[in-house]
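Colleague: model.cif is reproduced below (mmCIF, C-alpha atoms).
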data_entry
loop_
_atom_site.label_atom_id
_atom_site.label_comp_id
_atom_site.auth_asym_id
_atom_site.auth_seq_id
_atom_site.Cartn_x
_atom_site.Cartn_y
_atom_site.Cartn_z
CA MET A 1 0.00 0.00 0.00
CA ASP A 2 1.55 3.30 -1.06
CA ASN A 3 1.39 6.62 0.75
CA LYS A 4 -1.60 7.91 -1.22
CA GLU A 5 -3.67 4.83 -0.39
CA LYS A 6 -2.66 5.09 3.26
CA GLN A 7 -3.77 8.72 3.35
CA ILE A 8 -7.12 7.81 1.81
CA LEU A 9 -7.59 5.01 4.32
CA VAL A 10 -6.78 7.40 7.17
CA THR A 11 -9.37 9.84 5.80
CA ALA A 12 -12.01 7.09 5.63
CA ILE A 13 -11.27 5.81 9.14
CA SER A 14 -11.17 9.33 10.55
CA LEU A 15 -14.53 10.10 8.91
CA VAL A 16 -16.05 7.09 10.67
CA LEU A 17 -14.46 8.08 13.99
CA ILE A 18 -15.41 11.75 13.77
CA PHE A 19 -18.97 11.04 12.68
CA GLY A 20 -19.38 8.29 15.29
CA CYS A 21 -18.02 10.40 18.14
CA TYR A 22 -20.02 13.46 17.09
CA ALA A 23 -23.24 11.44 16.78
CA LEU A 24 -22.68 9.86 20.21
CA TYR A 25 -21.88 13.23 21.77
CA VAL A 26 -24.95 14.92 20.32
CA TYR A 27 -27.17 11.98 21.27
CA ASN A 28 -25.96 11.79 24.87
CA LYS A 29 -25.89 15.53 25.46
CA TYR A 30 -29.10 16.61 23.73
CA ILE A 31 -31.29 13.85 22.35
CA ALA A 32 -31.20 11.25 25.17
CA MET A 33 -32.53 13.75 27.71
CA ASN A 34 -35.10 15.39 25.49
CA PHE A 35 -36.46 13.58 22.43
CA ALA A 36 -38.67 16.55 21.60
CA ILE A 37 -35.54 18.39 20.47
CA LEU A 38 -35.59 16.23 17.32
CA ASN A 39 -38.43 18.38 16.01
CA ASP A 40 -36.53 21.61 16.67
CA PHE A 41 -35.14 23.01 13.43
CA LYS A 42 -32.68 25.21 15.35
CA PHE A 43 -31.12 22.09 16.88
CA TRP A 44 -30.60 20.48 13.47
CA GLY A 45 -29.25 23.68 11.94
CA THR A 46 -26.72 24.05 14.76
CA ALA A 47 -25.79 20.34 14.63
CA PHE A 48 -25.09 20.59 10.87
CA LEU A 49 -23.14 23.84 11.16
CA ILE A 50 -20.93 22.56 13.99
CA LEU A 51 -20.30 19.19 12.30
CA ILE A 52 -18.60 20.81 9.28
CA PRO A 53 -15.77 22.73 11.09
CA VAL A 54 -15.36 19.88 13.60
CA THR A 55 -14.81 17.42 10.73
CA ILE A 56 -12.31 19.72 8.98
CA VAL A 57 -10.26 20.47 12.10
CA ALA A 58 -10.28 16.84 13.28
CA GLN A 59 -9.24 15.62 9.79
CA ILE A 60 -6.30 18.05 9.74
CA ILE A 61 -5.16 16.97 13.21
CA ILE A 62 -5.51 13.26 12.38
CA HIS A 63 -3.55 13.69 9.13
CA ILE A 64 -0.75 15.57 10.93
CA ILE A 65 -0.53 12.82 13.56
CA PHE A 66 -0.57 10.16 10.83
CA ALA A 67 2.21 11.94 8.89
CA ILE A 68 4.39 12.08 12.03
CA ILE A 69 3.79 8.41 12.89
CA ASN A 70 4.33 7.35 9.27
CA LYS A 71 7.64 9.26 9.15
CA MET A 72 8.79 7.64 12.37
CA VAL A 73 7.84 4.12 11.26
CA THR A 74 8.72 4.07 7.56
CA ASN A 75 11.01 7.13 7.30
CA GLU A 76 9.03 8.22 4.23
CA ASP A 77 7.69 11.72 3.65
CA MET A 78 4.04 12.13 2.74
CA VAL A 79 3.40 12.72 -0.96
CA THR A 80 2.07 16.23 -1.43
CA LEU A 81 2.29 16.31 -5.24
CA ARG A 82 -1.08 15.98 -7.00
CA ASP A 83 -0.69 15.11 -10.66
CA GLU A 84 -3.24 14.66 -13.45
CA ARG A 85 -4.08 11.08 -12.43
CA ASP A 86 -4.72 12.11 -8.83
CA LYS A 87 -7.01 14.91 -9.99
CA LEU A 88 -8.90 12.58 -12.34
CA ILE A 89 -9.35 9.97 -9.61
CA GLU A 90 -10.58 12.67 -7.25
CA LEU A 91 -13.07 13.92 -9.84
CA LYS A 92 -14.40 10.41 -10.46
CA ALA A 93 -14.73 9.79 -6.72
CA ILE A 94 -16.52 13.13 -6.25
CA GLN A 95 -18.89 12.22 -9.09
CA ILE A 96 -19.79 8.93 -7.38
CA SER A 97 -20.26 10.59 -3.99
CA HIS A 98 -22.38 13.29 -5.65
CA TRP A 99 -24.77 10.67 -7.04
CA ILE A 100 -25.01 8.90 -3.69
CA PHE A 101 -25.73 12.14 -1.88
CA THR A 102 -28.33 13.04 -4.52
CA LEU A 103 -30.02 9.71 -3.83
CA GLY A 104 -29.95 10.50 -0.11
CA PHE A 105 -31.39 13.94 -0.80
CA LEU A 106 -34.23 12.40 -2.80
CA LEU A 107 -34.89 9.91 0.01
CA ALA A 108 -34.92 12.78 2.51
CA MET A 109 -37.44 14.70 0.41
CA GLY A 110 -39.41 11.50 -0.14
CA SER A 111 -39.64 10.97 3.61
CA GLN A 112 -41.35 14.36 3.89
CA ALA A 113 -43.57 13.67 0.92
CA ILE A 114 -44.98 10.57 2.60
CA GLY A 115 -45.51 12.41 5.86
CA MET A 116 -42.67 11.07 8.00
CA PRO A 117 -41.42 13.24 10.91
CA HIS A 118 -39.17 16.19 10.04
CA TYR A 119 -36.19 14.73 11.86
CA SER A 120 -36.15 11.74 9.46
CA MET A 121 -35.21 14.20 6.69
CA PHE A 122 -32.26 15.58 8.67
CA ILE A 123 -31.09 12.13 9.73
CA THR A 124 -31.29 10.92 6.12
CA LEU A 125 -29.29 13.94 4.95
CA ILE A 126 -26.56 13.42 7.56
CA VAL A 127 -26.33 9.69 6.86
CA ALA A 128 -26.27 10.32 3.09
CA GLY A 129 -23.44 12.81 3.56
CA PHE A 130 -21.52 10.33 5.68
CA ILE A 131 -22.04 7.37 3.31
CA SER A 132 -21.16 9.43 0.24
CA GLY A 133 -17.95 10.56 1.95
CA ILE A 134 -16.95 7.00 2.81
CA ILE A 135 -17.82 5.65 -0.65
CA SER A 136 -15.83 8.47 -2.23
CA GLU A 137 -12.72 7.31 -0.32
CA ILE A 138 -13.37 3.65 -1.19
CA ALA A 139 -13.78 4.63 -4.86
CA LYS A 140 -10.43 6.45 -4.75
CA ILE A 141 -8.67 3.34 -3.41
CA TYR A 142 -10.41 1.24 -6.08
CA PHE A 143 -9.30 3.58 -8.89
CA TYR A 144 -5.74 3.76 -7.57
CA ARG A 145 -5.49 -0.03 -7.45
CA LYS A 146 -7.49 -1.17 -10.46
CA GLY A 147 -7.09 1.78 -12.80
CA PHE A 148 -9.91 3.14 -14.93
CA MET B 1 -17.88 -2.16 -30.99
CA SER B 2 -14.16 -1.63 -31.52
CA LYS B 3 -11.74 -1.77 -28.59
CA GLN B 4 -9.11 0.95 -28.50
CA LEU B 5 -5.76 0.16 -26.98
CA ILE B 6 -2.87 2.45 -26.19
CA SER B 7 0.36 0.67 -25.41
CA ASN B 8 3.77 2.06 -24.56
CA HIS B 9 7.42 1.10 -24.44
CA ILE B 10 8.35 3.15 -21.39
CA ARG B 11 9.78 0.23 -19.46
CA LYS B 12 12.07 -0.74 -22.34
CA LEU B 13 13.07 2.88 -22.93
CA ARG B 14 13.91 3.36 -19.27
CA PHE B 15 16.05 0.26 -19.35
CA ASN B 16 17.90 1.56 -22.42
CA ALA B 17 18.37 4.95 -20.79
CA ASP B 18 20.92 3.71 -18.24
CA GLU B 19 18.21 1.86 -16.33
CA MET B 20 16.44 5.04 -15.41
CA THR B 21 14.24 4.51 -12.35
CA GLN B 22 10.52 5.21 -12.32
CA GLN B 23 11.12 7.89 -9.70
CA VAL B 24 13.62 9.72 -11.95
CA LEU B 25 11.19 9.64 -14.87
CA ALA B 26 8.40 10.81 -12.56
CA ASP B 27 10.54 13.72 -11.33
CA LYS B 28 11.48 14.70 -14.88
CA THR B 29 7.86 14.69 -16.03
CA GLY B 30 6.36 16.26 -12.91
CA VAL B 31 4.15 13.37 -11.83
CA THR B 32 4.24 10.81 -9.05
CA ARG B 33 6.00 7.45 -9.35
CA GLN B 34 2.60 5.75 -8.98
CA THR B 35 1.41 7.44 -12.15
CA ILE B 36 4.42 6.15 -14.09
CA VAL B 37 3.74 2.66 -12.69
CA ALA B 38 0.09 2.90 -13.75
CA ILE B 39 1.04 4.06 -17.27
CA GLU B 40 3.59 1.25 -17.67
CA ASN B 41 1.03 -1.31 -16.54
CA GLY B 42 -1.61 0.06 -18.89
CA LYS B 43 -3.89 1.06 -16.02
CA TYR B 44 -3.82 4.74 -16.92
CA PHE B 45 -3.59 6.52 -20.26
CA PRO B 46 -1.74 9.83 -19.86
CA THR B 47 -2.95 13.13 -21.23
CA LEU B 48 -1.38 14.33 -24.45
CA GLU B 49 0.74 16.81 -22.52
CA LEU B 50 2.20 14.15 -20.22
CA ALA B 51 2.74 11.81 -23.17
CA PHE B 52 4.77 14.52 -24.91
CA ARG B 53 6.73 15.19 -21.72
CA ILE B 54 7.60 11.49 -21.39
CA ALA B 55 8.64 11.30 -25.05
CA ARG B 56 10.78 14.40 -24.57
CA VAL B 57 12.69 12.77 -21.67
CA PHE B 58 13.77 10.00 -24.06
CA ASN B 59 14.35 12.43 -26.98
CA LEU B 60 11.96 10.43 -29.13
CA PRO B 61 8.86 11.27 -31.14
CA LEU B 62 5.58 10.43 -29.46
CA GLU B 63 4.77 7.49 -31.74
CA GLU B 64 7.96 5.71 -30.72
CA VAL B 65 6.93 5.79 -27.08
CA PHE B 66 3.19 5.25 -27.42
CA SER B 67 1.28 3.28 -30.00
CA PHE B 68 -2.40 3.10 -30.71
CA HIS B 69 -4.25 0.00 -31.94
CA VAL B 70 -7.88 -0.50 -32.75
CA GLU B 71 -9.11 -4.01 -32.13
CA GLU B 72 -12.30 -4.73 -34.02
CA ASP B 73 -14.86 -6.79 -32.15
CA THR B 74 -14.84 -10.26 -33.75
CA ASN B 75 -18.65 -10.67 -33.43
CA GLN B 76 -19.25 -7.41 -35.23
CA THR B 77 -16.79 -8.33 -37.96
CA THR B 78 -18.55 -11.66 -38.43
CA ASN B 79 -21.94 -9.94 -38.59
CA LYS B 80 -20.64 -7.52 -41.19
CA LYS B 81 -19.36 -10.39 -43.29
CA ILE B 82 -22.72 -12.16 -43.14
CA LYS B 83 -24.54 -9.03 -44.29
#
As structure tokens, how would this structure be written, given the file I've shared?

Modeller:
Amino acid sequence: MDNKEKQILVTAISLVLIFGCYALYVYNKYIAMNFAILNDFKFWGTAFLILIPVTIVAQIIIHIIFAIINKMVTNEDMVTLRDERDKLIELKAIQISHWIFTLGFLLAMGSQAIGMPHYSMFITLIVAGFISGIISEIAKIYFYRKGF
Amino acid sequence: MSKQLISNHIRKLRFNADEMTQQVLADKTGVTRQTIVAIENGKYFPTLELAFRIARVFNLPLEEVFSFHVEEDTNQTTNKKIK
């Protein structure tokens, strides 16, 4: 496994960790004590807005830690160069994740169309965002290994 | 449907150029070593710009580094013959 694939794997694992920890934190702190908060749009708006910077900052920290550990273990520097193949793979992965998120968006809207509670829309959107992010990373590893 | 194939002789050319490593070729063309590996293995077809840059490293015209073949689908050829 080369450095690029390792970085992608770290991104995927960190996405799972960040999302898992954030979901647990929000559930224990807000939802477990008061289920009525699920119907509060302000709660969902805040939860979405906080999740984005938290994910970015945590990803940066995790990648820095990974780069340090990787340097200590393998004595290899992380590859920072992005060439045409990397950009093409990234575009293809983004395209796949875009379609998955679109499907999630349609499901979220569909849940409202059939009269499900409002929180089901927000949960579907968050889960769709998470799954599309993970699949995007898996697609990158696939394209790096198998070609296209 | 016809199958289009682009092949290359980069591995042979590297060997003839004082056994140039993939990393050296990657550095000279401004890409990563993984991209050179993928091109050599036929898993990635470079852009025209990168193809020219690779050919330039070996001081050869493009067609001596890369070649293009069109493989006609045998079923289609047979169908055409029947018609």

Colleague: Show me, as CSV, the residues of chain A having an atom within 10 Å of chain B, each with the closest atom pair and its distance in Å, using only C-alpha atoms.

Modeller:
residue,atom,partner,partner_atom,distance
A:Asp2,CA,B:Gln34,CA,8.4
A:Asn3,CA,B:Gln34,CA,9.8
A:Lys4,CA,B:Gln34,CA,9.1
A:Val79,CA,B:Thr32,CA,8.4
A:Thr80,CA,B:Thr32,CA,9.6
A:Leu81,CA,B:Thr32,CA,7.0
A:Arg82,CA,B:Val31,CA,7.6
A:Asp83,CA,B:Val31,CA,5.3
A:Glu84,CA,B:Val31,CA,7.7
A:Arg85,CA,B:Thr35,CA,6.6
A:Asp86,CA,B:Thr35,CA,8.4
A:Phe143,CA,B:Lys43,CA,9.3
A:Tyr144,CA,B:Ala38,CA,8.5
A:Arg145,CA,B:Lys43,CA,8.8
A:Lys146,CA,B:Lys43,CA,7.0
A:Gly147,CA,B:Lys43,CA,4.6
A:Phe148,CA,B:Lys43,CA,6.5

Colleague: Near Asn8 (chain B), within 10 Å and counting all atoms listed in the file, which residues show up once chain neighbours fewer than 4 positions away are dropped, as a compact mmCIF listing (two decimals) with C-alpha atoms, in the frame of the given file?

Modeller:
# COMPACT_ATOMS: atom_id res chain seq x y z
CA LYS B 12 12.07 -0.74 -22.34
CA LEU B 13 13.07 2.88 -22.93
CA ILE B 39 1.04 4.06 -17.27
CA GLU B 40 3.59 1.25 -17.67
CA ASN B 41 1.03 -1.31 -16.54
CA GLY B 42 -1.61 0.06 -18.89
CA PHE B 45 -3.59 6.52 -20.26
CA ALA B 51 2.74 11.81 -23.17
CA LEU B 62 5.58 10.43 -29.46
CA GLU B 63 4.77 7.49 -31.74
CA GLU B 64 7.96 5.71 -30.72
CA VAL B 65 6.93 5.79 -27.08
CA PHE B 66 3.19 5.25 -27.42
CA SER B 67 1.28 3.28 -30.00
CA PHE B 68 -2.40 3.10 -30.71

Colleague: Taking the file as shown, find all residues satisfying the PyMOL selection byres ((chain A and resi 67) around 10) and write them as a list in words.

Modeller: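 What the PyMOL selection byres ((chain A and resi 67) around 10) grabs from the file is Asn3, Gln7, Ile61, Ile62, His63, Ile64, Ile65, Phe66, Ile68, Ile69, Asn70, Lys71, Met72, Val73, Glu76, Asp77, Met78 and Val79 of chain A.
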
Colleague: If you count only C-alpha atoms, which residues fall within 9 Å of Val54 (chain A), apart from same-chain ones fewer than 5 positions away, as a PyMOL selection string?

Modeller: chain A and resi 18+22+59

Colleague: Name the residues that the PyMOL selection byres ((chain A and resi 114-126) around 8) pulls out of this structure, and write them as a list in words.

Modeller: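 On this input, the PyMOL selection byres ((chain A and resi 114-126) around 8) captures Leu38, Asn39, Trp44, Phe101, Gly104, Phe105, Leu107, Ala108, Met109, Gly110, Ser111, Gln112, Ala113, Val127, Ala128, Gly129 and Phe130 of chain A.
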
Colleague: Apply the PyMOL selection byres ((chain B and resi 25) around 10) to the file shown and report the selected residues as a PyMOL selection string.

Modeller: chain B and resi 10+14+20-24+26-33+36+53-54+57-58

Colleague: Some atoms are absent from region 126-137 of chain A, so rebuild all heavy atoms and return them as a compact mmCIF listing (two decimals), in the coordinates of the input.

Modeller:
# COMPACT_ATOMS: atom_id res chain seq x y z
N ILE A 126 -27.85 13.63 6.88
CA ILE A 126 -26.56 13.42 7.56
C ILE A 126 -25.97 12.06 7.17
O ILE A 126 -24.79 11.95 6.83
CB ILE A 126 -26.70 13.54 9.10
CG1 ILE A 126 -26.91 15.01 9.48
CG2 ILE A 126 -25.48 12.99 9.81
CD1 ILE A 126 -26.96 15.28 10.97
N VAL A 127 -26.81 11.04 7.20
CA VAL A 127 -26.33 9.69 6.86
C VAL A 127 -25.89 9.64 5.39
O VAL A 127 -24.85 9.04 5.07
CB VAL A 127 -27.43 8.62 7.16
CG1 VAL A 127 -27.04 7.26 6.61
CG2 VAL A 127 -27.65 8.51 8.67
N ALA A 128 -26.65 10.30 4.51
CA ALA A 128 -26.27 10.32 3.09
C ALA A 128 -24.92 11.00 2.90
O ALA A 128 -24.08 10.54 2.12
CB ALA A 128 -27.35 11.03 2.28
N GLY A 129 -24.72 12.10 3.62
CA GLY A 129 -23.44 12.81 3.56
C GLY A 129 -22.30 11.93 4.03
O GLY A 129 -21.23 11.87 3.41
N PHE A 130 -22.54 11.21 5.12
CA PHE A 130 -21.52 10.33 5.68
C PHE A 130 -21.20 9.17 4.72
O PHE A 130 -20.03 8.92 4.40
CB PHE A 130 -22.02 9.79 7.03
CG PHE A 130 -21.18 8.68 7.60
CD1 PHE A 130 -19.91 8.94 8.08
CD2 PHE A 130 -21.66 7.39 7.66
CE1 PHE A 130 -19.13 7.91 8.60
CE2 PHE A 130 -20.90 6.36 8.18
CZ PHE A 130 -19.63 6.63 8.65
N ILE A 131 -22.25 8.52 4.21
CA ILE A 131 -22.04 7.37 3.31
C ILE A 131 -21.36 7.82 2.02
O ILE A 131 -20.44 7.17 1.53
CB ILE A 131 -23.38 6.65 3.02
CG1 ILE A 131 -23.89 5.96 4.29
CG2 ILE A 131 -23.22 5.61 1.90
CD1 ILE A 131 -25.26 5.36 4.16
N SER A 132 -21.78 8.96 1.49
CA SER A 132 -21.16 9.43 0.24
C SER A 132 -19.68 9.75 0.45
O SER A 132 -18.85 9.50 -0.42
CB SER A 132 -21.91 10.64 -0.32
OG SER A 132 -21.80 11.74 0.53
N GLY A 133 -19.36 10.28 1.63
CA GLY A 133 -17.95 10.56 1.95
C GLY A 133 -17.12 9.29 2.02
O GLY A 133 -16.03 9.21 1.47
N ILE A 134 -17.66 8.28 2.68
CA ILE A 134 -16.95 7.00 2.81
C ILE A 134 -16.80 6.33 1.44
O ILE A 134 -15.71 5.87 1.07
CB ILE A 134 -17.72 6.05 3.78
CG1 ILE A 134 -17.72 6.61 5.20
CG2 ILE A 134 -17.13 4.64 3.75
CD1 ILE A 134 -16.38 6.60 5.89
N ILE A 135 -17.88 6.32 0.66
CA ILE A 135 -17.82 5.65 -0.65
C ILE A 135 -16.85 6.39 -1.57
O ILE A 135 -16.15 5.76 -2.37
CB ILE A 135 -19.24 5.55 -1.26
CG1 ILE A 135 -20.05 4.65 -0.36
CG2 ILE A 135 -19.19 5.08 -2.72
CD1 ILE A 135 -21.06 3.75 -0.92
N SER A 136 -16.78 7.70 -1.43
CA SER A 136 -15.83 8.47 -2.23
C SER A 136 -14.39 8.01 -1.95
O SER A 136 -13.59 7.83 -2.88
CB SER A 136 -16.00 9.96 -1.88
OG SER A 136 -14.90 10.69 -2.31
N GLU A 137 -14.08 7.77 -0.68
CA GLU A 137 -12.72 7.31 -0.32
C GLU A 137 -12.48 5.89 -0.82
O GLU A 137 -11.41 5.57 -1.33
CB GLU A 137 -12.52 7.37 1.21
CG GLU A 137 -12.71 8.75 1.82
CD GLU A 137 -11.89 9.85 1.17
OE1 GLU A 137 -10.72 9.60 0.87
OE2 GLU A 137 -12.45 10.94 0.93
